[in-house]
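Containing compact mmCIF, N, CA and C atoms: work_37.txt.
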```txt
# COMPACT_ATOMS: atom_id res chain seq x y z
N MET P 1 -18.68 13.13 3.57
CA MET P 1 -18.20 11.86 3.04
C MET P 1 -18.84 11.64 1.68
N PRO P 2 -18.04 11.29 0.70
CA PRO P 2 -18.62 11.09 -0.63
C PRO P 2 -19.59 9.92 -0.66
N LYS P 3 -20.53 9.98 -1.59
CA LYS P 3 -21.53 8.93 -1.68
C LYS P 3 -21.06 7.78 -2.56
N ASN P 4 -20.07 8.02 -3.38
CA ASN P 4 -19.58 6.98 -4.26
C ASN P 4 -18.44 6.24 -3.54
N TYR P 5 -18.80 5.32 -2.69
CA TYR P 5 -17.82 4.63 -1.87
C TYR P 5 -16.94 3.68 -2.69
N ARG P 6 -17.48 3.17 -3.77
CA ARG P 6 -16.68 2.29 -4.63
C ARG P 6 -15.51 3.07 -5.23
N ALA P 7 -15.76 4.31 -5.65
CA ALA P 7 -14.71 5.16 -6.19
C ALA P 7 -13.69 5.51 -5.10
N LEU P 8 -14.19 5.75 -3.90
CA LEU P 8 -13.30 6.03 -2.78
C LEU P 8 -12.40 4.83 -2.50
N THR P 9 -12.97 3.65 -2.51
CA THR P 9 -12.18 2.44 -2.27
C THR P 9 -11.15 2.26 -3.37
N LYS P 10 -11.52 2.51 -4.60
CA LYS P 10 -10.57 2.40 -5.71
C LYS P 10 -9.44 3.40 -5.56
N LEU P 11 -9.76 4.63 -5.17
CA LEU P 11 -8.75 5.65 -4.95
C LEU P 11 -7.79 5.24 -3.84
N ARG P 12 -8.34 4.75 -2.73
CA ARG P 12 -7.50 4.33 -1.61
C ARG P 12 -6.60 3.16 -2.01
N LYS P 13 -7.12 2.27 -2.85
CA LYS P 13 -6.31 1.14 -3.32
C LYS P 13 -5.16 1.65 -4.18
N GLN P 14 -5.43 2.61 -5.04
CA GLN P 14 -4.38 3.18 -5.88
C GLN P 14 -3.32 3.87 -5.02
N GLN P 15 -3.76 4.58 -4.00
CA GLN P 15 -2.81 5.24 -3.09
C GLN P 15 -1.97 4.20 -2.36
N PHE P 16 -2.59 3.11 -1.96
CA PHE P 16 -1.87 2.03 -1.28
C PHE P 16 -0.83 1.42 -2.22
N GLU P 17 -1.22 1.17 -3.47
CA GLU P 17 -0.28 0.59 -4.43
C GLU P 17 0.88 1.54 -4.72
N ARG P 18 0.59 2.85 -4.82
CA ARG P 18 1.67 3.83 -5.04
C ARG P 18 2.61 3.85 -3.83
N ALA P 19 2.07 3.74 -2.63
CA ALA P 19 2.91 3.72 -1.43
C ALA P 19 3.79 2.47 -1.42
N GLU P 20 3.23 1.33 -1.86
CA GLU P 20 4.03 0.11 -1.95
C GLU P 20 5.18 0.28 -2.94
N GLN P 21 4.89 0.89 -4.08
CA GLN P 21 5.91 1.10 -5.10
C GLN P 21 6.99 2.07 -4.60
N ALA P 22 6.58 3.11 -3.89
CA ALA P 22 7.53 4.08 -3.35
C ALA P 22 8.44 3.42 -2.32
N LEU P 23 7.87 2.55 -1.49
CA LEU P 23 8.68 1.84 -0.50
C LEU P 23 9.66 0.90 -1.19
N ALA P 24 9.19 0.18 -2.19
CA ALA P 24 10.07 -0.74 -2.92
C ALA P 24 11.21 0.03 -3.60
N SER P 25 10.90 1.18 -4.15
CA SER P 25 11.92 2.02 -4.80
C SER P 25 12.95 2.51 -3.78
N ALA P 26 12.46 2.95 -2.63
CA ALA P 26 13.37 3.44 -1.58
C ALA P 26 14.26 2.31 -1.06
N ASN P 27 13.68 1.13 -0.88
CA ASN P 27 14.49 -0.01 -0.44
C ASN P 27 15.53 -0.38 -1.48
N SER P 28 15.13 -0.35 -2.74
CA SER P 28 16.06 -0.67 -3.82
C SER P 28 17.21 0.33 -3.86
N GLN P 29 16.90 1.59 -3.69
CA GLN P 29 17.93 2.63 -3.67
C GLN P 29 18.90 2.41 -2.50
N ARG P 30 18.35 2.11 -1.34
CA ARG P 30 19.20 1.88 -0.17
C ARG P 30 20.11 0.66 -0.39
N GLN P 31 19.55 -0.40 -0.94
CA GLN P 31 20.35 -1.60 -1.20
C GLN P 31 21.44 -1.33 -2.22
N HIS P 32 21.12 -0.52 -3.23
CA HIS P 32 22.11 -0.16 -4.23
C HIS P 32 23.26 0.62 -3.59
N LEU P 33 22.93 1.56 -2.71
CA LEU P 33 23.96 2.34 -2.02
C LEU P 33 24.82 1.45 -1.12
N GLU P 34 24.18 0.50 -0.42
CA GLU P 34 24.94 -0.40 0.43
C GLU P 34 25.86 -1.31 -0.39
N ALA P 35 25.41 -1.73 -1.55
CA ALA P 35 26.24 -2.54 -2.44
C ALA P 35 27.43 -1.73 -2.94
N GLU P 36 27.18 -0.47 -3.26
CA GLU P 36 28.27 0.42 -3.70
C GLU P 36 29.28 0.61 -2.58
N LYS P 37 28.81 0.77 -1.36
CA LYS P 37 29.71 0.93 -0.21
C LYS P 37 30.56 -0.32 -0.02
N GLU P 38 29.93 -1.47 -0.15
CA GLU P 38 30.67 -2.73 0.00
C GLU P 38 31.71 -2.88 -1.11
N ARG P 39 31.35 -2.44 -2.33
CA ARG P 39 32.31 -2.50 -3.43
C ARG P 39 33.51 -1.60 -3.15
N LEU P 40 33.27 -0.41 -2.61
CA LEU P 40 34.36 0.49 -2.27
C LEU P 40 35.24 -0.10 -1.17
N ARG P 41 34.63 -0.71 -0.18
CA ARG P 41 35.41 -1.36 0.88
C ARG P 41 36.29 -2.47 0.31
N SER P 42 35.72 -3.22 -0.61
CA SER P 42 36.49 -4.28 -1.25
C SER P 42 37.66 -3.71 -2.03
N ASP P 43 37.41 -2.61 -2.74
CA ASP P 43 38.50 -1.96 -3.48
C ASP P 43 39.59 -1.48 -2.54
N ALA P 44 39.19 -0.94 -1.38
CA ALA P 44 40.18 -0.46 -0.41
C ALA P 44 41.01 -1.62 0.13
N ARG P 45 40.40 -2.77 0.36
CA ARG P 45 41.14 -3.93 0.86
C ARG P 45 42.10 -4.48 -0.19
N GLU P 46 41.75 -4.31 -1.46
CA GLU P 46 42.59 -4.86 -2.53
C GLU P 46 43.82 -4.01 -2.81
N LEU P 47 43.81 -2.76 -2.36
CA LEU P 47 44.99 -1.90 -2.57
C LEU P 47 46.12 -2.41 -1.69
N GLU P 48 47.24 -2.68 -2.34
CA GLU P 48 48.41 -3.18 -1.61
C GLU P 48 49.45 -2.07 -1.50
N ILE P 49 50.07 -2.05 -0.36
CA ILE P 49 51.13 -1.07 -0.15
C ILE P 49 52.37 -1.61 -0.86
N PRO P 50 52.99 -0.78 -1.71
CA PRO P 50 54.16 -1.26 -2.46
C PRO P 50 55.36 -1.47 -1.53
N GLY P 51 56.28 -2.23 -2.03
CA GLY P 51 57.50 -2.50 -1.26
C GLY P 51 58.34 -1.24 -1.09
N SER P 52 59.46 -1.37 -0.45
CA SER P 52 60.30 -0.21 -0.15
C SER P 52 60.88 0.38 -1.44
N GLY P 53 61.18 1.68 -1.40
CA GLY P 53 61.77 2.35 -2.53
C GLY P 53 60.77 2.88 -3.54
N PHE P 54 59.51 2.70 -3.28
CA PHE P 54 58.49 3.19 -4.20
C PHE P 54 57.64 4.27 -3.52
N GLY P 55 58.26 5.35 -3.18
CA GLY P 55 57.60 6.44 -2.46
C GLY P 55 56.45 7.03 -3.24
N ARG P 56 56.67 7.17 -4.53
CA ARG P 56 55.59 7.76 -5.34
C ARG P 56 54.38 6.84 -5.38
N GLU P 57 54.61 5.56 -5.57
CA GLU P 57 53.51 4.59 -5.59
C GLU P 57 52.82 4.53 -4.24
N LEU P 58 53.60 4.62 -3.17
CA LEU P 58 53.02 4.63 -1.83
C LEU P 58 52.10 5.83 -1.66
N GLY P 59 52.51 6.99 -2.16
CA GLY P 59 51.68 8.20 -2.09
C GLY P 59 50.38 8.02 -2.87
N LEU P 60 50.48 7.36 -4.04
CA LEU P 60 49.27 7.12 -4.84
C LEU P 60 48.30 6.19 -4.11
N VAL P 61 48.83 5.14 -3.47
CA VAL P 61 47.97 4.20 -2.74
C VAL P 61 47.31 4.91 -1.56
N VAL P 62 48.06 5.72 -0.85
CA VAL P 62 47.51 6.46 0.29
C VAL P 62 46.42 7.42 -0.20
N ASN P 63 46.67 8.11 -1.31
CA ASN P 63 45.66 9.02 -1.86
C ASN P 63 44.40 8.25 -2.29
N GLN P 64 44.59 7.09 -2.90
CA GLN P 64 43.44 6.28 -3.32
C GLN P 64 42.63 5.82 -2.11
N ARG P 65 43.34 5.38 -1.08
CA ARG P 65 42.62 4.94 0.14
C ARG P 65 41.88 6.11 0.78
N SER P 66 42.49 7.26 0.77
CA SER P 66 41.85 8.45 1.34
C SER P 66 40.60 8.81 0.52
N ALA P 67 40.70 8.73 -0.80
CA ALA P 67 39.55 9.03 -1.66
C ALA P 67 38.44 8.01 -1.43
N ILE P 68 38.82 6.74 -1.28
CA ILE P 68 37.83 5.69 -1.03
C ILE P 68 37.16 5.92 0.32
N LYS P 69 37.96 6.29 1.32
CA LYS P 69 37.41 6.55 2.65
C LYS P 69 36.41 7.72 2.60
N SER P 70 36.74 8.77 1.86
CA SER P 70 35.83 9.91 1.72
C SER P 70 34.55 9.48 1.00
N ALA P 71 34.69 8.66 -0.03
CA ALA P 71 33.53 8.19 -0.77
C ALA P 71 32.64 7.32 0.12
N ILE P 72 33.27 6.49 0.96
CA ILE P 72 32.50 5.65 1.88
C ILE P 72 31.75 6.50 2.89
N GLU P 73 32.39 7.55 3.40
CA GLU P 73 31.73 8.45 4.35
C GLU P 73 30.54 9.14 3.68
N ALA P 74 30.71 9.57 2.44
CA ALA P 74 29.60 10.21 1.72
C ALA P 74 28.47 9.19 1.50
N LEU P 75 28.84 7.97 1.17
CA LEU P 75 27.83 6.92 0.99
C LEU P 75 27.12 6.61 2.30
N ASP P 76 27.84 6.64 3.42
CA ASP P 76 27.20 6.42 4.72
C ASP P 76 26.12 7.46 4.97
N TYR P 77 26.42 8.71 4.62
CA TYR P 77 25.42 9.77 4.79
C TYR P 77 24.21 9.50 3.89
N ARG P 78 24.46 9.13 2.63
CA ARG P 78 23.37 8.85 1.70
C ARG P 78 22.58 7.60 2.13
N ILE P 79 23.27 6.61 2.68
CA ILE P 79 22.59 5.40 3.16
C ILE P 79 21.68 5.75 4.33
N GLN P 80 22.17 6.60 5.22
CA GLN P 80 21.37 7.02 6.36
C GLN P 80 20.13 7.78 5.87
N ALA P 81 20.30 8.67 4.90
CA ALA P 81 19.16 9.40 4.35
C ALA P 81 18.18 8.44 3.68
N ALA P 82 18.71 7.44 2.97
CA ALA P 82 17.84 6.46 2.31
C ALA P 82 17.09 5.61 3.34
N ALA P 83 17.76 5.29 4.45
CA ALA P 83 17.09 4.51 5.51
C ALA P 83 15.96 5.33 6.13
N GLU P 84 16.19 6.63 6.34
CA GLU P 84 15.14 7.50 6.87
C GLU P 84 13.98 7.61 5.87
N LEU P 85 14.31 7.68 4.59
CA LEU P 85 13.27 7.71 3.56
C LEU P 85 12.47 6.41 3.58
N CYS P 86 13.15 5.28 3.76
CA CYS P 86 12.45 3.99 3.85
C CYS P 86 11.50 3.97 5.03
N THR P 87 11.94 4.53 6.15
CA THR P 87 11.09 4.59 7.34
C THR P 87 9.84 5.43 7.06
N ARG P 88 10.04 6.59 6.42
CA ARG P 88 8.88 7.44 6.08
C ARG P 88 7.95 6.72 5.11
N ARG P 89 8.53 6.06 4.12
CA ARG P 89 7.72 5.34 3.13
C ARG P 89 6.95 4.19 3.80
N GLN P 90 7.57 3.54 4.79
CA GLN P 90 6.90 2.47 5.52
C GLN P 90 5.71 3.03 6.29
N GLU P 91 5.90 4.18 6.92
CA GLU P 91 4.81 4.82 7.65
C GLU P 91 3.68 5.23 6.70
N GLU P 92 4.07 5.77 5.53
CA GLU P 92 3.06 6.14 4.53
C GLU P 92 2.31 4.91 4.04
N LEU P 93 3.02 3.81 3.87
CA LEU P 93 2.38 2.57 3.43
C LEU P 93 1.38 2.09 4.48
N MET P 94 1.77 2.14 5.73
CA MET P 94 0.86 1.71 6.80
C MET P 94 -0.38 2.60 6.84
N ALA P 95 -0.19 3.91 6.69
CA ALA P 95 -1.33 4.83 6.69
C ALA P 95 -2.24 4.57 5.49
N ALA P 96 -1.64 4.33 4.33
CA ALA P 96 -2.43 4.04 3.12
C ALA P 96 -3.17 2.72 3.27
N HIS P 97 -2.53 1.76 3.91
CA HIS P 97 -3.19 0.46 4.12
C HIS P 97 -4.40 0.62 5.04
N ILE P 98 -4.23 1.39 6.10
CA ILE P 98 -5.33 1.62 7.04
C ILE P 98 -6.48 2.34 6.33
N ALA P 99 -6.15 3.36 5.54
CA ALA P 99 -7.19 4.11 4.81
C ALA P 99 -7.90 3.20 3.82
N TYR P 100 -7.16 2.33 3.15
CA TYR P 100 -7.77 1.41 2.19
C TYR P 100 -8.70 0.43 2.89
N GLU P 101 -8.24 -0.13 4.01
CA GLU P 101 -9.08 -1.07 4.75
C GLU P 101 -10.34 -0.39 5.28
N GLN P 102 -10.20 0.86 5.73
CA GLN P 102 -11.38 1.60 6.20
C GLN P 102 -12.36 1.83 5.06
N ALA P 103 -11.84 2.18 3.90
CA ALA P 103 -12.71 2.42 2.74
C ALA P 103 -13.42 1.12 2.35
N LYS P 104 -12.70 0.00 2.38
CA LYS P 104 -13.34 -1.28 2.07
C LYS P 104 -14.42 -1.61 3.09
N SER P 105 -14.16 -1.33 4.34
CA SER P 105 -15.13 -1.59 5.40
C SER P 105 -16.37 -0.73 5.21
N ILE P 106 -16.17 0.54 4.92
CA ILE P 106 -17.31 1.43 4.70
C ILE P 106 -18.12 0.96 3.50
N GLU P 107 -17.43 0.60 2.42
CA GLU P 107 -18.13 0.12 1.24
C GLU P 107 -18.93 -1.15 1.55
N ALA P 108 -18.34 -2.05 2.33
CA ALA P 108 -19.04 -3.29 2.70
C ALA P 108 -20.27 -2.97 3.55
N GLN P 109 -20.14 -2.03 4.48
CA GLN P 109 -21.28 -1.64 5.30
C GLN P 109 -22.39 -1.03 4.46
N ILE P 110 -22.01 -0.20 3.52
CA ILE P 110 -23.01 0.43 2.63
C ILE P 110 -23.70 -0.64 1.80
N MET P 111 -22.94 -1.59 1.29
CA MET P 111 -23.53 -2.66 0.49
C MET P 111 -24.49 -3.49 1.34
N GLN P 112 -24.11 -3.76 2.58
CA GLN P 112 -24.99 -4.52 3.46
C GLN P 112 -26.29 -3.75 3.72
N LYS P 113 -26.17 -2.44 3.92
CA LYS P 113 -27.37 -1.62 4.14
C LYS P 113 -28.25 -1.62 2.90
N ARG P 114 -27.62 -1.51 1.73
CA ARG P 114 -28.40 -1.53 0.49
C ARG P 114 -29.10 -2.87 0.29
N LEU P 115 -28.38 -3.95 0.58
CA LEU P 115 -28.99 -5.28 0.45
C LEU P 115 -30.15 -5.45 1.44
N ALA P 116 -29.95 -4.98 2.66
CA ALA P 116 -31.02 -5.08 3.67
C ALA P 116 -32.23 -4.25 3.23
N LYS P 117 -31.99 -3.07 2.67
CA LYS P 117 -33.09 -2.23 2.20
C LYS P 117 -33.82 -2.90 1.05
N ALA P 118 -33.04 -3.47 0.11
CA ALA P 118 -33.65 -4.17 -1.02
C ALA P 118 -34.46 -5.37 -0.53
N LYS P 119 -33.93 -6.07 0.48
CA LYS P 119 -34.65 -7.22 1.03
C LYS P 119 -35.94 -6.78 1.70
N ARG P 120 -35.90 -5.66 2.43
CA ARG P 120 -37.12 -5.13 3.06
C ARG P 120 -38.14 -4.73 2.00
N LEU P 121 -37.68 -4.10 0.94
CA LEU P 121 -38.60 -3.70 -0.14
C LEU P 121 -39.22 -4.92 -0.80
N GLU P 122 -38.39 -5.92 -1.04
CA GLU P 122 -38.89 -7.16 -1.65
C GLU P 122 -39.89 -7.84 -0.71
N GLN P 123 -39.56 -7.87 0.57
CA GLN P 123 -40.46 -8.49 1.54
C GLN P 123 -41.78 -7.72 1.60
N GLY P 124 -41.69 -6.39 1.53
CA GLY P 124 -42.90 -5.58 1.53
C GLY P 124 -43.75 -5.86 0.30
N SER P 125 -43.09 -6.04 -0.85
CA SER P 125 -43.83 -6.37 -2.07
C SER P 125 -44.48 -7.74 -1.95
N LEU P 126 -43.76 -8.69 -1.41
CA LEU P 126 -44.31 -10.03 -1.23
C LEU P 126 -45.48 -10.01 -0.24
N ASP P 127 -45.35 -9.22 0.82
CA ASP P 127 -46.45 -9.08 1.78
C ASP P 127 -47.68 -8.47 1.11
N GLU P 128 -47.46 -7.48 0.27
CA GLU P 128 -48.57 -6.84 -0.44
C GLU P 128 -49.26 -7.84 -1.37
N ILE P 129 -48.45 -8.63 -2.09
CA ILE P 129 -49.03 -9.64 -2.99
C ILE P 129 -49.82 -10.67 -2.19
N ALA P 130 -49.26 -11.12 -1.07
CA ALA P 130 -49.95 -12.10 -0.23
C ALA P 130 -51.25 -11.53 0.32
N SER P 131 -51.24 -10.28 0.72
CA SER P 131 -52.43 -9.62 1.25
C SER P 131 -53.51 -9.52 0.17
N GLN P 132 -53.08 -9.14 -1.04
CA GLN P 132 -54.04 -9.04 -2.14
C GLN P 132 -54.66 -10.40 -2.46
N ARG P 133 -53.84 -11.43 -2.48
CA ARG P 133 -54.36 -12.77 -2.74
C ARG P 133 -55.32 -13.21 -1.64
N PHE P 134 -54.96 -12.91 -0.41
CA PHE P 134 -55.82 -13.28 0.71
C PHE P 134 -57.19 -12.63 0.55
N TRP P 135 -57.21 -11.32 0.32
CA TRP P 135 -58.48 -10.62 0.20
C TRP P 135 -59.25 -11.04 -1.05
N ARG P 136 -58.52 -11.33 -2.13
CA ARG P 136 -59.19 -11.79 -3.34
C ARG P 136 -59.81 -13.17 -3.10
N ASP P 137 -59.02 -14.05 -2.49
CA ASP P 137 -59.53 -15.40 -2.20
C ASP P 137 -60.68 -15.33 -1.20
N ALA P 138 -60.57 -14.47 -0.19
CA ALA P 138 -61.65 -14.32 0.80
C ALA P 138 -62.89 -13.76 0.14
N HIS P 139 -62.73 -12.85 -0.77
CA HIS P 139 -63.88 -12.25 -1.46
C HIS P 139 -64.55 -13.26 -2.39
N THR P 140 -63.78 -14.09 -3.08
CA THR P 140 -64.38 -15.11 -3.96
C THR P 140 -65.07 -16.19 -3.15
N GLU P 141 -64.58 -16.50 -1.96
CA GLU P 141 -65.23 -17.48 -1.09
C GLU P 141 -66.57 -16.95 -0.59
N ASP P 142 -66.64 -15.63 -0.28
CA ASP P 142 -67.88 -15.02 0.17
C ASP P 142 -68.92 -15.05 -0.93
N GLU P 143 -68.52 -14.86 -2.15
CA GLU P 143 -69.44 -14.84 -3.28
C GLU P 143 -69.96 -16.24 -3.57
N SER P 144 -69.16 -17.24 -3.29
CA SER P 144 -69.58 -18.61 -3.58
C SER P 144 -70.64 -19.07 -2.59
N PHE P 145 -70.78 -18.48 -1.42
CA PHE P 145 -71.79 -18.88 -0.44
C PHE P 145 -73.07 -18.31 -0.76
```

Representation of the structure as structure tokens:
Amino acid sequence: MPKNYRALTKLRKQQFERAEQALASANSQRQHLEAEKERLRSDARELEIPGSGFGRELGLVVNQRSAIKSAIEALDYRIQAAAELCTRRQEELMAAHIAYEQAKSIEAQIMQKRLAKAKRLEQGSLDEIASQRFWRDAHTEDESF
């Protein structure tokens, strides 16, 4: 385990932020694909079948609807792939969050240990000063008698 826990925490935070950005990007891509699919569906609904006697126009409308249907099917596949990517990105985000929280916890524990050690050292110094004063004062009292 590295000794520079602050750097580890910073690294984990950066990884967490990158995972958040990747998830946001994947969600944005999926939403864009769904909006495109809805636009295609709207276009398909707007196509009107021509009246009688327009066989060529009827063929064009049928071909357009068929092309739109194929495009929607392709978008469905891409939307499914984007949804799976979002799921993976969500899992990565959760893992990065856990790693970041663990790093913060370790750093906090190390800081607490360092503070406790510093407090013990300070207390030891204060005890030493008090002991010296006691013996100095006791020695000066002996000399005064």

(message) For a quick check of understanding, using all atoms listed in the file, which of P:Gln64, P:Gln102, P:Asn27, P:Gln123 has the smallest distance to Ala82 of chain P?
(response) P:Asn27

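Here the question is which of P:Arg78, P:Lys117, P:Lys69, P:Arg88 gets nearest to Arg30 of chain P using all atoms listed in the file, and that residue is P:Arg78.
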
(request) Point out the residue among P:Ser131, P:Ser105, P:Gln29, P:Thr140 with the least atom-to-atom distance to Tyr5 of chain P, counting only C-alpha atoms. (result) P:Ser105

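Here atom CA of Glu36 of chain P is placed at a distance of 9.8 Å from atom CA of Ala71 of chain P.
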
(message) Just the number, please: distance in Å from atom N of Ile49 of chain P to atom CA of Val61 of chain P, one decimal.
(response) 7.0 Å
